[in-house]
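With mmCIF, C-alpha atoms inside, this is final-v7.cif:
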data_query
loop_
_atom_site.label_atom_id
_atom_site.label_comp_id
_atom_site.auth_asym_id
_atom_site.auth_seq_id
_atom_site.Cartn_x
_atom_site.Cartn_y
_atom_site.Cartn_z
CA MET Q 29 43.22 -128.27 -64.66
CA ILE Q 30 39.80 -129.46 -63.52
CA MET Q 31 37.34 -129.71 -66.40
CA ALA Q 32 33.56 -129.65 -66.29
CA GLY Q 33 33.36 -131.97 -69.26
CA THR Q 34 33.54 -131.12 -72.95
CA PHE Q 35 30.73 -128.79 -73.97
CA LEU Q 36 30.74 -127.05 -77.35
CA GLN Q 37 29.02 -123.82 -78.28
CA VAL Q 38 27.50 -123.25 -74.85
CA GLN Q 39 25.56 -120.01 -74.58
CA ALA Q 40 26.45 -118.83 -71.06
CA GLN Q 41 23.70 -117.01 -69.21
CA SER Q 42 25.49 -116.62 -65.89
CA THR Q 43 28.77 -117.16 -64.12
CA LEU Q 44 29.06 -119.91 -61.53
CA LEU Q 45 31.61 -119.50 -58.73
CA VAL Q 46 32.68 -122.46 -56.61
CA GLY Q 47 34.50 -122.17 -53.28
CA THR Q 48 36.38 -125.23 -52.02
CA TYR Q 49 38.53 -126.75 -49.33
CA THR Q 50 42.13 -127.02 -50.48
CA SER Q 51 43.26 -129.91 -48.29
CA GLY Q 52 42.69 -132.26 -51.23
CA ASN Q 53 43.22 -131.67 -54.96
CA SER Q 54 41.65 -128.23 -55.10
CA HIS Q 55 43.76 -125.09 -55.28
CA GLY Q 56 41.09 -122.45 -54.69
CA ILE Q 57 38.12 -120.85 -56.44
CA TYR Q 58 36.71 -122.04 -59.78
CA VAL Q 59 34.82 -119.92 -62.32
CA TYR Q 60 32.43 -121.44 -64.87
CA ASP Q 61 30.18 -120.29 -67.67
CA PHE Q 62 26.80 -121.84 -66.97
CA ALA Q 63 23.87 -122.20 -69.36
CA SER Q 64 20.54 -122.51 -67.56
CA ALA Q 65 18.85 -123.77 -70.71
CA THR Q 66 21.02 -126.89 -70.81
CA GLY Q 67 22.55 -127.21 -67.34
CA GLU Q 68 26.00 -127.29 -68.95
CA ALA Q 69 29.14 -125.67 -67.58
CA VAL Q 70 32.53 -124.68 -68.99
CA LEU Q 71 35.52 -123.86 -66.80
CA ARG Q 72 36.76 -120.33 -67.56
CA ASP Q 73 39.14 -119.50 -64.71
CA SER Q 74 40.50 -120.60 -61.36
CA VAL Q 75 42.43 -118.70 -58.72
CA GLN Q 76 44.72 -120.03 -56.05
CA SER Q 77 43.41 -119.42 -52.54
CA SER Q 78 43.70 -121.27 -49.23
CA ASN Q 79 40.45 -122.89 -48.09
CA PRO Q 80 38.02 -120.39 -49.68
CA SER Q 81 35.10 -122.26 -48.13
CA PHE Q 82 32.51 -119.51 -48.46
CA LEU Q 83 32.06 -116.75 -51.05
CA ALA Q 84 29.94 -113.64 -51.37
CA VAL Q 85 29.34 -111.55 -54.47
CA ALA Q 86 28.94 -107.79 -54.15
CA PRO Q 87 25.49 -106.58 -55.28
CA ASN Q 88 27.11 -104.70 -58.17
CA GLY Q 89 28.62 -107.98 -59.46
CA ARG Q 90 32.08 -106.47 -59.78
CA TYR Q 91 33.73 -107.93 -56.69
CA VAL Q 92 33.90 -111.28 -54.92
CA TYR Q 93 34.81 -111.85 -51.27
CA ALA Q 94 36.11 -115.15 -49.90
CA VAL Q 95 36.94 -116.37 -46.44
CA ASN Q 96 40.22 -118.20 -45.97
CA GLU Q 97 39.25 -120.75 -43.36
CA GLU Q 98 42.45 -121.00 -41.33
CA GLY Q 99 43.14 -121.22 -37.60
CA SER Q 100 45.69 -119.64 -35.29
CA ASP Q 101 48.20 -122.38 -36.15
CA ASN Q 102 48.28 -121.00 -39.69
CA GLY Q 103 48.17 -117.28 -39.04
CA GLY Q 104 44.45 -117.01 -38.32
CA GLY Q 105 41.53 -116.47 -40.66
CA LYS Q 106 41.62 -114.12 -43.62
CA VAL Q 107 39.22 -112.41 -46.00
CA SER Q 108 40.27 -112.07 -49.66
CA ALA Q 109 38.82 -109.51 -52.07
CA TYR Q 110 38.76 -110.15 -55.83
CA ARG Q 111 37.90 -108.07 -58.85
CA PHE Q 112 35.75 -109.89 -61.40
CA ASP Q 113 36.11 -109.03 -65.09
CA LYS Q 114 32.74 -109.92 -66.64
CA ALA Q 115 34.04 -109.72 -70.21
CA ALA Q 116 37.06 -111.96 -69.67
CA LYS Q 117 35.41 -114.09 -66.94
CA LYS Q 118 38.53 -113.69 -64.83
CA MET Q 119 39.10 -113.03 -61.14
CA SER Q 120 42.09 -111.09 -59.82
CA LEU Q 121 43.12 -110.61 -56.20
CA ILE Q 122 42.83 -107.07 -54.86
CA ASN Q 123 43.98 -107.68 -51.30
CA GLN Q 124 43.69 -109.89 -48.23
CA VAL Q 125 43.20 -108.90 -44.58
CA PRO Q 126 42.77 -110.73 -41.26
CA SER Q 127 39.25 -111.82 -40.37
CA VAL Q 128 40.08 -111.12 -36.70
CA GLY Q 129 39.31 -114.68 -35.66
CA ASP Q 130 39.87 -118.35 -36.38
CA HIS Q 131 38.28 -120.46 -39.12
CA PRO Q 132 35.98 -117.92 -40.80
CA CYS Q 133 33.17 -119.90 -42.44
CA TYR Q 134 30.72 -117.28 -43.74
CA VAL Q 135 30.92 -113.87 -45.40
CA SER Q 136 28.23 -111.47 -46.59
CA VAL Q 137 28.10 -108.04 -48.23
CA ASP Q 138 25.66 -105.28 -47.33
CA ARG Q 139 23.27 -104.09 -50.03
CA LYS Q 140 25.12 -100.81 -50.60
CA ASN Q 141 28.51 -102.43 -51.42
CA LYS Q 142 30.16 -100.72 -48.44
CA TRP Q 143 30.69 -103.42 -45.80
CA VAL Q 144 31.69 -107.06 -45.49
CA VAL Q 145 30.59 -109.06 -42.44
CA VAL Q 146 32.43 -112.29 -41.63
CA GLY Q 147 31.68 -115.03 -39.09
CA ASN Q 148 34.65 -116.74 -37.40
CA TYR Q 149 33.59 -120.24 -36.35
CA SER Q 150 36.27 -121.39 -33.90
CA SER Q 151 36.70 -118.08 -32.10
CA GLY Q 152 32.98 -117.26 -32.01
CA THR Q 153 33.44 -113.73 -33.34
CA VAL Q 154 31.78 -111.45 -35.89
CA SER Q 155 33.86 -108.86 -37.75
CA VAL Q 156 32.81 -105.96 -39.99
CA LEU Q 157 35.28 -104.80 -42.66
CA PRO Q 158 34.95 -101.70 -44.87
CA ILE Q 159 35.01 -101.96 -48.65
CA ALA Q 160 37.40 -99.51 -50.33
CA PRO Q 161 36.57 -97.66 -53.57
CA ASP Q 162 38.63 -100.21 -55.54
CA GLY Q 163 36.65 -103.12 -54.03
CA GLY Q 164 39.35 -104.16 -51.58
CA VAL Q 165 38.71 -104.71 -47.89
CA GLY Q 166 40.12 -102.68 -45.02
CA ALA Q 167 40.91 -103.58 -41.42
CA ALA Q 168 37.93 -104.56 -39.28
CA VAL Q 169 36.08 -101.66 -37.65
CA THR Q 170 33.93 -103.91 -35.45
CA ASN Q 171 34.64 -107.24 -33.77
CA MET Q 172 31.96 -108.82 -31.59
CA GLN Q 173 32.89 -111.69 -29.25
CA HIS Q 174 30.13 -114.15 -28.39
CA GLN Q 175 30.05 -115.83 -24.97
CA GLY Q 176 28.60 -119.05 -23.59
CA GLN Q 177 28.15 -122.74 -24.30
CA SER Q 178 25.41 -125.36 -24.50
CA VAL Q 179 24.59 -128.98 -23.71
CA ASN Q 180 26.53 -130.86 -26.41
CA GLN Q 181 30.00 -130.90 -24.87
CA GLU Q 182 31.60 -132.31 -28.02
CA ARG Q 183 30.40 -129.43 -30.21
CA GLN Q 184 29.16 -126.69 -27.89
CA LYS Q 185 31.85 -125.95 -25.31
CA SER Q 186 32.22 -122.44 -26.70
CA PRO Q 187 30.58 -120.08 -29.23
CA HIS Q 188 30.73 -121.06 -32.89
CA VAL Q 189 29.46 -118.41 -35.29
CA HIS Q 190 28.15 -120.11 -38.43
CA ALA Q 191 26.55 -117.37 -40.54
CA THR Q 192 26.17 -113.60 -40.87
CA VAL Q 193 22.92 -112.80 -42.67
CA PHE Q 194 21.66 -109.31 -43.48
CA SER Q 195 17.96 -108.59 -43.04
CA PRO Q 196 16.07 -107.76 -46.25
CA ASP Q 197 16.11 -104.05 -45.34
CA ASN Q 198 19.87 -104.07 -44.55
CA LYS Q 199 19.21 -102.77 -41.02
CA TYR Q 200 20.08 -105.92 -39.05
CA VAL Q 201 22.58 -108.77 -39.09
CA PHE Q 202 21.41 -112.18 -37.90
CA VAL Q 203 24.12 -114.51 -36.59
CA PRO Q 204 23.30 -118.18 -35.95
CA ASP Q 205 25.74 -119.45 -33.30
CA LEU Q 206 25.98 -123.24 -33.21
CA GLY Q 207 27.87 -123.25 -29.91
CA ILE Q 208 25.37 -121.33 -27.78
CA ASP Q 209 22.05 -122.29 -29.43
CA GLN Q 210 21.13 -118.72 -30.26
CA VAL Q 211 20.56 -116.47 -33.22
CA VAL Q 212 22.31 -113.30 -32.10
CA VAL Q 213 20.66 -110.20 -33.56
CA TYR Q 214 22.58 -107.00 -34.23
CA ALA Q 215 21.34 -103.62 -35.37
CA PHE Q 216 23.60 -102.56 -38.25
CA ASN Q 217 24.79 -99.00 -38.80
CA PRO Q 218 25.43 -98.62 -42.57
CA LYS Q 219 27.43 -95.42 -42.06
CA THR Q 220 29.94 -96.68 -39.48
CA GLY Q 221 29.74 -100.46 -39.82
CA PHE Q 222 29.06 -100.77 -36.09
CA LEU Q 223 26.93 -103.58 -34.71
CA LYS Q 224 24.68 -103.04 -31.69
CA PRO Q 225 23.30 -106.16 -29.96
CA ASN Q 226 19.53 -106.33 -29.66
CA LYS Q 227 18.26 -106.66 -26.09
CA GLU Q 228 16.75 -110.08 -26.77
CA HIS Q 229 18.60 -112.72 -28.75
CA VAL Q 230 16.70 -115.65 -30.22
CA LYS Q 231 17.12 -118.83 -28.20
CA VAL Q 232 16.42 -122.19 -29.81
CA SER Q 233 16.19 -125.73 -28.42
CA ALA Q 234 19.21 -126.81 -26.36
CA GLY Q 235 21.64 -128.89 -28.40
CA SER Q 236 20.07 -128.00 -31.74
CA GLY Q 237 23.09 -126.11 -33.14
CA PRO Q 238 21.78 -123.27 -35.36
CA ARG Q 239 23.77 -123.03 -38.60
CA HIS Q 240 22.27 -121.16 -41.58
CA LEU Q 241 19.32 -118.76 -41.97
CA ASP Q 242 17.32 -117.67 -45.03
CA PHE Q 243 14.55 -115.11 -45.43
CA HIS Q 244 11.40 -115.59 -47.48
CA PRO Q 245 11.22 -113.28 -50.54
CA SER Q 246 8.20 -111.58 -48.95
CA GLY Q 247 10.27 -110.63 -45.91
CA LYS Q 248 7.56 -112.04 -43.63
CA TRP Q 249 9.33 -115.21 -42.49
CA ALA Q 250 12.80 -116.60 -41.81
CA TYR Q 251 13.95 -120.22 -41.77
CA LEU Q 252 16.76 -121.58 -39.59
CA ALA Q 253 18.64 -124.83 -40.28
CA GLN Q 254 19.87 -126.51 -37.09
CA GLU Q 255 22.83 -128.80 -37.68
CA LEU Q 256 22.87 -130.94 -34.53
CA SER Q 257 19.14 -131.69 -34.33
CA GLY Q 258 18.40 -131.89 -38.04
CA THR Q 259 15.49 -129.48 -37.74
CA VAL Q 260 14.17 -126.33 -39.35
CA THR Q 261 12.68 -123.57 -37.22
CA VAL Q 262 10.19 -121.21 -38.82
CA PHE Q 263 10.07 -117.62 -37.57
CA LYS Q 264 7.71 -114.76 -38.21
CA TYR Q 265 9.83 -111.70 -38.98
CA ASP Q 266 9.20 -108.02 -38.38
CA LYS Q 267 11.64 -105.13 -37.86
CA GLY Q 268 14.54 -107.12 -36.44
CA GLU Q 269 12.38 -109.48 -34.39
CA LEU Q 270 12.07 -113.23 -34.93
CA VAL Q 271 9.12 -115.03 -33.34
CA GLU Q 272 9.12 -118.83 -33.49
CA GLN Q 273 6.16 -120.41 -35.30
CA GLN Q 274 7.15 -124.01 -35.96
CA GLN Q 275 9.94 -126.58 -35.66
CA ILE Q 276 10.06 -129.51 -38.09
CA SER Q 277 12.53 -132.30 -38.86
CA MET Q 278 14.45 -132.17 -42.12
CA LEU Q 279 15.63 -135.79 -41.79
CA PRO Q 280 14.05 -138.76 -43.61
CA ALA Q 281 11.70 -140.73 -41.35
CA ASP Q 282 13.78 -143.92 -41.63
CA TYR Q 283 17.13 -142.22 -41.02
CA THR Q 284 18.93 -143.43 -37.86
CA GLY Q 285 22.31 -141.72 -38.11
CA ALA Q 286 23.54 -138.52 -36.49
CA ALA Q 287 22.14 -135.23 -37.74
CA THR Q 288 24.64 -133.04 -39.60
CA SER Q 289 22.35 -130.69 -41.48
CA ALA Q 290 23.93 -127.84 -43.40
CA ASP Q 291 22.41 -125.35 -45.83
CA ILE Q 292 18.92 -123.90 -46.33
CA HIS Q 293 17.26 -121.87 -49.12
CA VAL Q 294 13.80 -120.67 -50.05
CA SER Q 295 12.95 -121.10 -53.73
CA PRO Q 296 12.91 -117.84 -55.72
CA ASN Q 297 9.13 -118.16 -56.23
CA GLY Q 298 8.68 -118.37 -52.44
CA ARG Q 299 6.64 -121.58 -52.60
CA PHE Q 300 9.16 -124.15 -51.33
CA LEU Q 301 12.01 -124.53 -48.86
CA TYR Q 302 15.04 -126.79 -49.32
CA ALA Q 303 17.61 -127.95 -46.75
CA SER Q 304 20.63 -130.28 -46.97
CA ASN Q 305 21.45 -133.30 -44.81
CA ARG Q 306 24.97 -134.75 -44.67
CA ASN Q 307 26.45 -137.79 -42.83
CA THR Q 308 24.99 -140.98 -44.38
CA SER Q 309 21.71 -139.31 -45.37
CA ASN Q 310 23.06 -137.14 -48.21
CA THR Q 311 19.67 -135.73 -49.09
CA ILE Q 312 17.88 -132.48 -49.82
CA ALA Q 313 14.70 -132.07 -47.76
CA ILE Q 314 11.85 -130.40 -49.67
CA PHE Q 315 9.07 -128.48 -47.90
CA LYS Q 316 5.97 -126.67 -49.14
CA ILE Q 317 5.52 -123.21 -47.62
CA ASN Q 318 2.03 -122.18 -46.49
CA PRO Q 319 1.45 -118.78 -48.15
CA GLU Q 320 -0.71 -117.63 -45.23
CA ASP Q 321 1.59 -118.25 -42.26
CA GLY Q 322 4.92 -119.44 -43.70
CA LYS Q 323 4.72 -122.84 -41.98
CA LEU Q 324 6.15 -125.95 -43.60
CA THR Q 325 4.81 -129.26 -44.81
CA LEU Q 326 7.28 -131.96 -45.87
CA VAL Q 327 7.07 -132.85 -49.55
CA GLY Q 328 9.90 -135.39 -49.67
CA HIS Q 329 13.64 -135.97 -49.93
CA GLN Q 330 16.00 -136.09 -52.92
CA SER Q 331 19.31 -137.95 -52.95
CA THR Q 332 22.16 -135.55 -53.72
CA MET Q 333 23.90 -138.28 -55.76
CA GLY Q 334 27.08 -137.72 -53.78
CA LYS Q 335 28.47 -137.43 -50.27
CA THR Q 336 28.43 -134.50 -47.85
CA PRO Q 337 26.19 -131.91 -49.49
CA ARG Q 338 27.13 -128.60 -47.91
CA ASN Q 339 26.06 -125.49 -49.77
CA PHE Q 340 23.54 -125.65 -52.60
CA ASN Q 341 21.93 -122.90 -54.62
CA PHE Q 342 19.38 -122.06 -57.29
CA ASP Q 343 20.67 -120.84 -60.62
CA PRO Q 344 19.58 -117.30 -61.64
CA SER Q 345 16.66 -118.69 -63.66
CA GLY Q 346 15.26 -120.40 -60.55
CA LYS Q 347 14.59 -123.51 -62.63
CA LEU Q 348 17.69 -125.47 -61.58
CA LEU Q 349 19.18 -126.41 -58.21
CA LEU Q 350 22.91 -127.15 -57.96
CA VAL Q 351 24.20 -129.20 -55.02
CA ALA Q 352 27.87 -129.25 -53.98
CA ASN Q 353 28.93 -132.69 -52.69
CA GLN Q 354 32.18 -132.09 -50.84
CA GLU Q 355 33.47 -135.65 -50.49
CA THR Q 356 32.59 -136.92 -53.98
CA ASN Q 357 34.02 -133.92 -55.85
CA ASN Q 358 30.87 -133.20 -57.83
CA ILE Q 359 28.18 -130.58 -58.25
CA VAL Q 360 24.92 -132.19 -59.33
CA VAL Q 361 22.34 -130.25 -61.37
CA PHE Q 362 18.63 -130.84 -60.70
CA ASN Q 363 15.50 -129.55 -62.39
CA VAL Q 364 13.00 -127.88 -60.02
CA ASP Q 365 9.30 -128.54 -60.58
CA PRO Q 366 7.67 -125.15 -59.93
CA GLU Q 367 4.33 -126.75 -59.01
CA THR Q 368 5.41 -129.62 -56.73
CA GLY Q 369 8.88 -128.48 -55.64
CA LEU Q 370 10.28 -131.91 -56.45
CA LEU Q 371 13.77 -132.30 -57.92
CA THR Q 372 14.78 -134.45 -60.88
CA TYR Q 373 18.32 -135.18 -62.04
CA THR Q 374 19.19 -133.43 -65.31
CA GLY Q 375 21.99 -135.83 -66.18
CA LYS Q 376 24.49 -132.98 -65.74
CA GLN Q 377 27.32 -132.89 -63.21
CA ILE Q 378 30.32 -130.62 -62.75
CA GLU Q 379 33.54 -132.24 -61.61
CA VAL Q 380 35.33 -129.99 -59.12
CA PRO Q 381 37.47 -131.00 -56.12
CA ASN Q 382 35.97 -130.59 -52.64
CA PRO Q 383 33.23 -128.09 -53.52
CA VAL Q 384 31.60 -126.41 -50.53
CA CYS Q 385 30.08 -123.12 -51.78
CA ILE Q 386 28.09 -122.08 -54.85
CA GLN Q 387 27.52 -118.46 -55.81
CA TRP Q 388 26.44 -116.65 -58.97
CA ILE Q 389 27.22 -113.56 -60.99
CA ASN Q 390 24.36 -112.72 -63.33
CA ASN Q 391 25.70 -111.69 -66.71
#
If you took the structure in this file and wrote it as structure tokens, what would it be?
Amino acid sequence: MIMAGTFLQVQAQSTLLVGTYTSGNSHGIYVYDFASATGEAVLRDSVQSSNPSFLAVAPNGRYVYAVNEEGSDNGGGKVSAYRFDKAAKKMSLINQVPSVGDHPCYVSVDRKNKWVVVGNYSSGTVSVLPIAPDGGVGAAVTNMQHQGQSVNQERQKSPHVHATVFSPDNKYVFVPDLGIDQVVVYAFNPKTGFLKPNKEHVKVSAGSGPRHLDFHPSGKWAYLAQELSGTVTVFKYDKGELVEQQQISMLPADYTGAATSADIHVSPNGRFLYASNRNTSNTIAIFKINPEDGKLTLVGHQSTMGKTPRNFNFDPSGKLLLVANQETNNIVVFNVDPETGLLTYTGKQIEVPNPVCIQWINN
């Protein structure tokens, strides 16, 4: 059993869920009590699951959905649905269904707890699955196949869906596709689960490789992390339309390696933006957000104190930032300065094998 250290009499304020890759010592999903006041964690449960590399929590907090990132050589991708018992802090499998594609890497739940949308990386497809009354998932009702390629022939010979992000009003799904250098925009029908492509998709710089997208709490702006160029693109947002405002590097000025940027999040107070850099950089880029136009100014970079930071996330208090370092088997806890945006190490780490996704259930 993987332990988070020995912590006595921890008053848990929230539940921390960690998705992993299971090619190493991990066997699935790990569940922790987490105390925001101290940054301490206690392992409460773990469930066996194959490569649950991305997780999504239903808005009602009762169910958890995980991708099973497998290819056609292993039966294709899957989506697993779990029931979460808040009192016992236990997860139990409800069911598992095909994701209708290969290597699903992202899953999201609509705001009404009725639909799950999954992005299949290798096959370049987006699938919509209904949620049953018991929280389980049904067979896909929609499957959209992306087409095209781009200039990086090592990474962009075909479509590669990397995220499926609902708009703040639940009316659209935004799909960054690393393989075709576009954010594909779909109108979402909450009654049928159908996706209708917008006439104009959002094209970004050739070879940039769009990966993850996050909306500002105000709903006025959206921020796109681009893996292959190591840049962030700022968009003005209104009623399903993204209009580019700025593009800025998220890499340190003295960094000379290849860009392999990953995750991106706006702080809960809306004042700062954070984005992760992998490869030999292993940093979190910190930006100040202009409250008038949403544009970014670089504040600095923070070492993640590990290798290959993929997903990271704020705790429910918004005062801490947790970073999952995949290759060093640790989640590092940082304090967030609400005035400067800068991060400082709390001295707390959680030992967990191959962590790649952090999600929360607020108790």
Contacts between stretch 124-140 of chain Q and stretch 247-353 of chain Q, please, where a residue of stretch 247-353 of chain Q counts if it comes within 12 Å (with only C-alpha atoms); show its shortest atom pair and distance in Å to one decimal, rows by chain and ascending number, as CSV.
residue,atom,partner,partner_atom,distance
Q:Asp291,CA,Q:Tyr134,CA,11.8
Q:Arg338,CA,Q:Cys133,CA,11.9
Q:Asn339,CA,Q:Tyr134,CA,11.2
Export of prior selection with C-alpha atoms as a compact mmCIF listing (two decimals), in the frame of the given file:
# COMPACT_ATOMS: atom_id res chain seq x y z
CA ASP Q 291 22.41 -125.35 -45.83
CA ARG Q 338 27.13 -128.60 -47.91
CA ASN Q 339 26.06 -125.49 -49.77
Nearest to Q:Glu255, chosen from Q:Leu349, Q:Leu241, Q:Ala109, Q:Ile122, with only C-alpha atoms counted in the distances: Q:Leu241
Separation of atom CA of Q:Ser289 from atom CA of Q:Asn358 in Å: 18.6 Å
Residues selected by the PyMOL selection byres ((chain Q and resi 201-211) around 9), written as a count of residues only: 52
Surrounding residues of Q:Val92 excluding itself and chain neighbours under 5 positions, 12 Å, all atoms listed in the file, as a ChimeraX atom specification: /Q:44-47,57,59,75,80,82-87,107-114,118-124,135-137,141,144,159,163-165,387-389
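Remark: for Q:Leu270, the closest of the candidate residues Q:Thr170, Q:Asn341, Q:Gln354, Q:Asn226 is Q:Asn226 (distances computed over all atoms listed in the file).
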Selected residue of minimal separation from Q:Gly298 among Q:Gly328, Q:Pro366, Q:Gly258, Q:Pro196, counting all atoms listed in the file: Q:Pro366
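Here atom CA of Q:Lys142 and atom CA of Q:Asn217 stand 11.2 Å from one another.
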Residue among Q:Ala250, Q:Gly221, Q:Ser77, Q:Ser100 lying closest to Q:Asp321, counting only C-alpha atoms: Q:Ala250
Proximity to Q:Pro337 - best of Q:Val384, Q:Leu370, Q:Ile292, Q:Val262, only C-alpha atoms: Q:Val384
Distance in Å - atom CA of Q:Ala115 versus atom CA of Q:Glu68: 19.4 Å
Using only C-alpha atoms, find all polymer residues with an atom at most 12 Å away from the point (26.1, -130.8, -53.6); report them as a compact mmCIF listing (two decimals) with C-alpha atoms, in the frame of the given file.
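This went into result_36.txt:
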# COMPACT_ATOMS: atom_id res chain seq x y z
CA VAL Q 46 32.68 -122.46 -56.61
CA THR Q 48 36.38 -125.23 -52.02
CA ALA Q 290 23.93 -127.84 -43.40
CA ASP Q 291 22.41 -125.35 -45.83
CA ALA Q 303 17.61 -127.95 -46.75
CA SER Q 304 20.63 -130.28 -46.97
CA ASN Q 305 21.45 -133.30 -44.81
CA ARG Q 306 24.97 -134.75 -44.67
CA ASN Q 310 23.06 -137.14 -48.21
CA THR Q 311 19.67 -135.73 -49.09
CA ILE Q 312 17.88 -132.48 -49.82
CA GLN Q 330 16.00 -136.09 -52.92
CA SER Q 331 19.31 -137.95 -52.95
CA THR Q 332 22.16 -135.55 -53.72
CA MET Q 333 23.90 -138.28 -55.76
CA GLY Q 334 27.08 -137.72 -53.78
CA LYS Q 335 28.47 -137.43 -50.27
CA THR Q 336 28.43 -134.50 -47.85
CA PRO Q 337 26.19 -131.91 -49.49
CA ARG Q 338 27.13 -128.60 -47.91
CA ASN Q 339 26.06 -125.49 -49.77
CA PHE Q 340 23.54 -125.65 -52.60
CA ASN Q 341 21.93 -122.90 -54.62
CA PHE Q 342 19.38 -122.06 -57.29
CA LEU Q 349 19.18 -126.41 -58.21
CA LEU Q 350 22.91 -127.15 -57.96
CA VAL Q 351 24.20 -129.20 -55.02
CA ALA Q 352 27.87 -129.25 -53.98
CA ASN Q 353 28.93 -132.69 -52.69
CA GLN Q 354 32.18 -132.09 -50.84
CA GLU Q 355 33.47 -135.65 -50.49
CA THR Q 356 32.59 -136.92 -53.98
CA ASN Q 357 34.02 -133.92 -55.85
CA ASN Q 358 30.87 -133.20 -57.83
CA ILE Q 359 28.18 -130.58 -58.25
CA VAL Q 360 24.92 -132.19 -59.33
CA VAL Q 361 22.34 -130.25 -61.37
CA PHE Q 362 18.63 -130.84 -60.70
CA GLN Q 377 27.32 -132.89 -63.21
CA ILE Q 378 30.32 -130.62 -62.75
CA GLU Q 379 33.54 -132.24 -61.61
CA VAL Q 380 35.33 -129.99 -59.12
CA PRO Q 381 37.47 -131.00 -56.12
CA ASN Q 382 35.97 -130.59 -52.64
CA PRO Q 383 33.23 -128.09 -53.52
CA VAL Q 384 31.60 -126.41 -50.53
CA CYS Q 385 30.08 -123.12 -51.78
CA ILE Q 386 28.09 -122.08 -54.85
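Here the question is which of Q:Val95, Q:Val364, Q:Ala116, Q:Ala253 gets nearest to Q:Thr43 using all atoms listed in the file, and that residue is Q:Ala116.
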Explicit residue set for the PyMOL selection byres ((chain Q and resi 296) around 12), as JSON, numbers by chain: {"Q": [242, 243, 244, 245, 246, 293, 294, 295, 297, 298, 299, 300, 301, 302, 341, 342, 343, 344, 345, 346, 347, 348, 349, 364, 366, 369]}
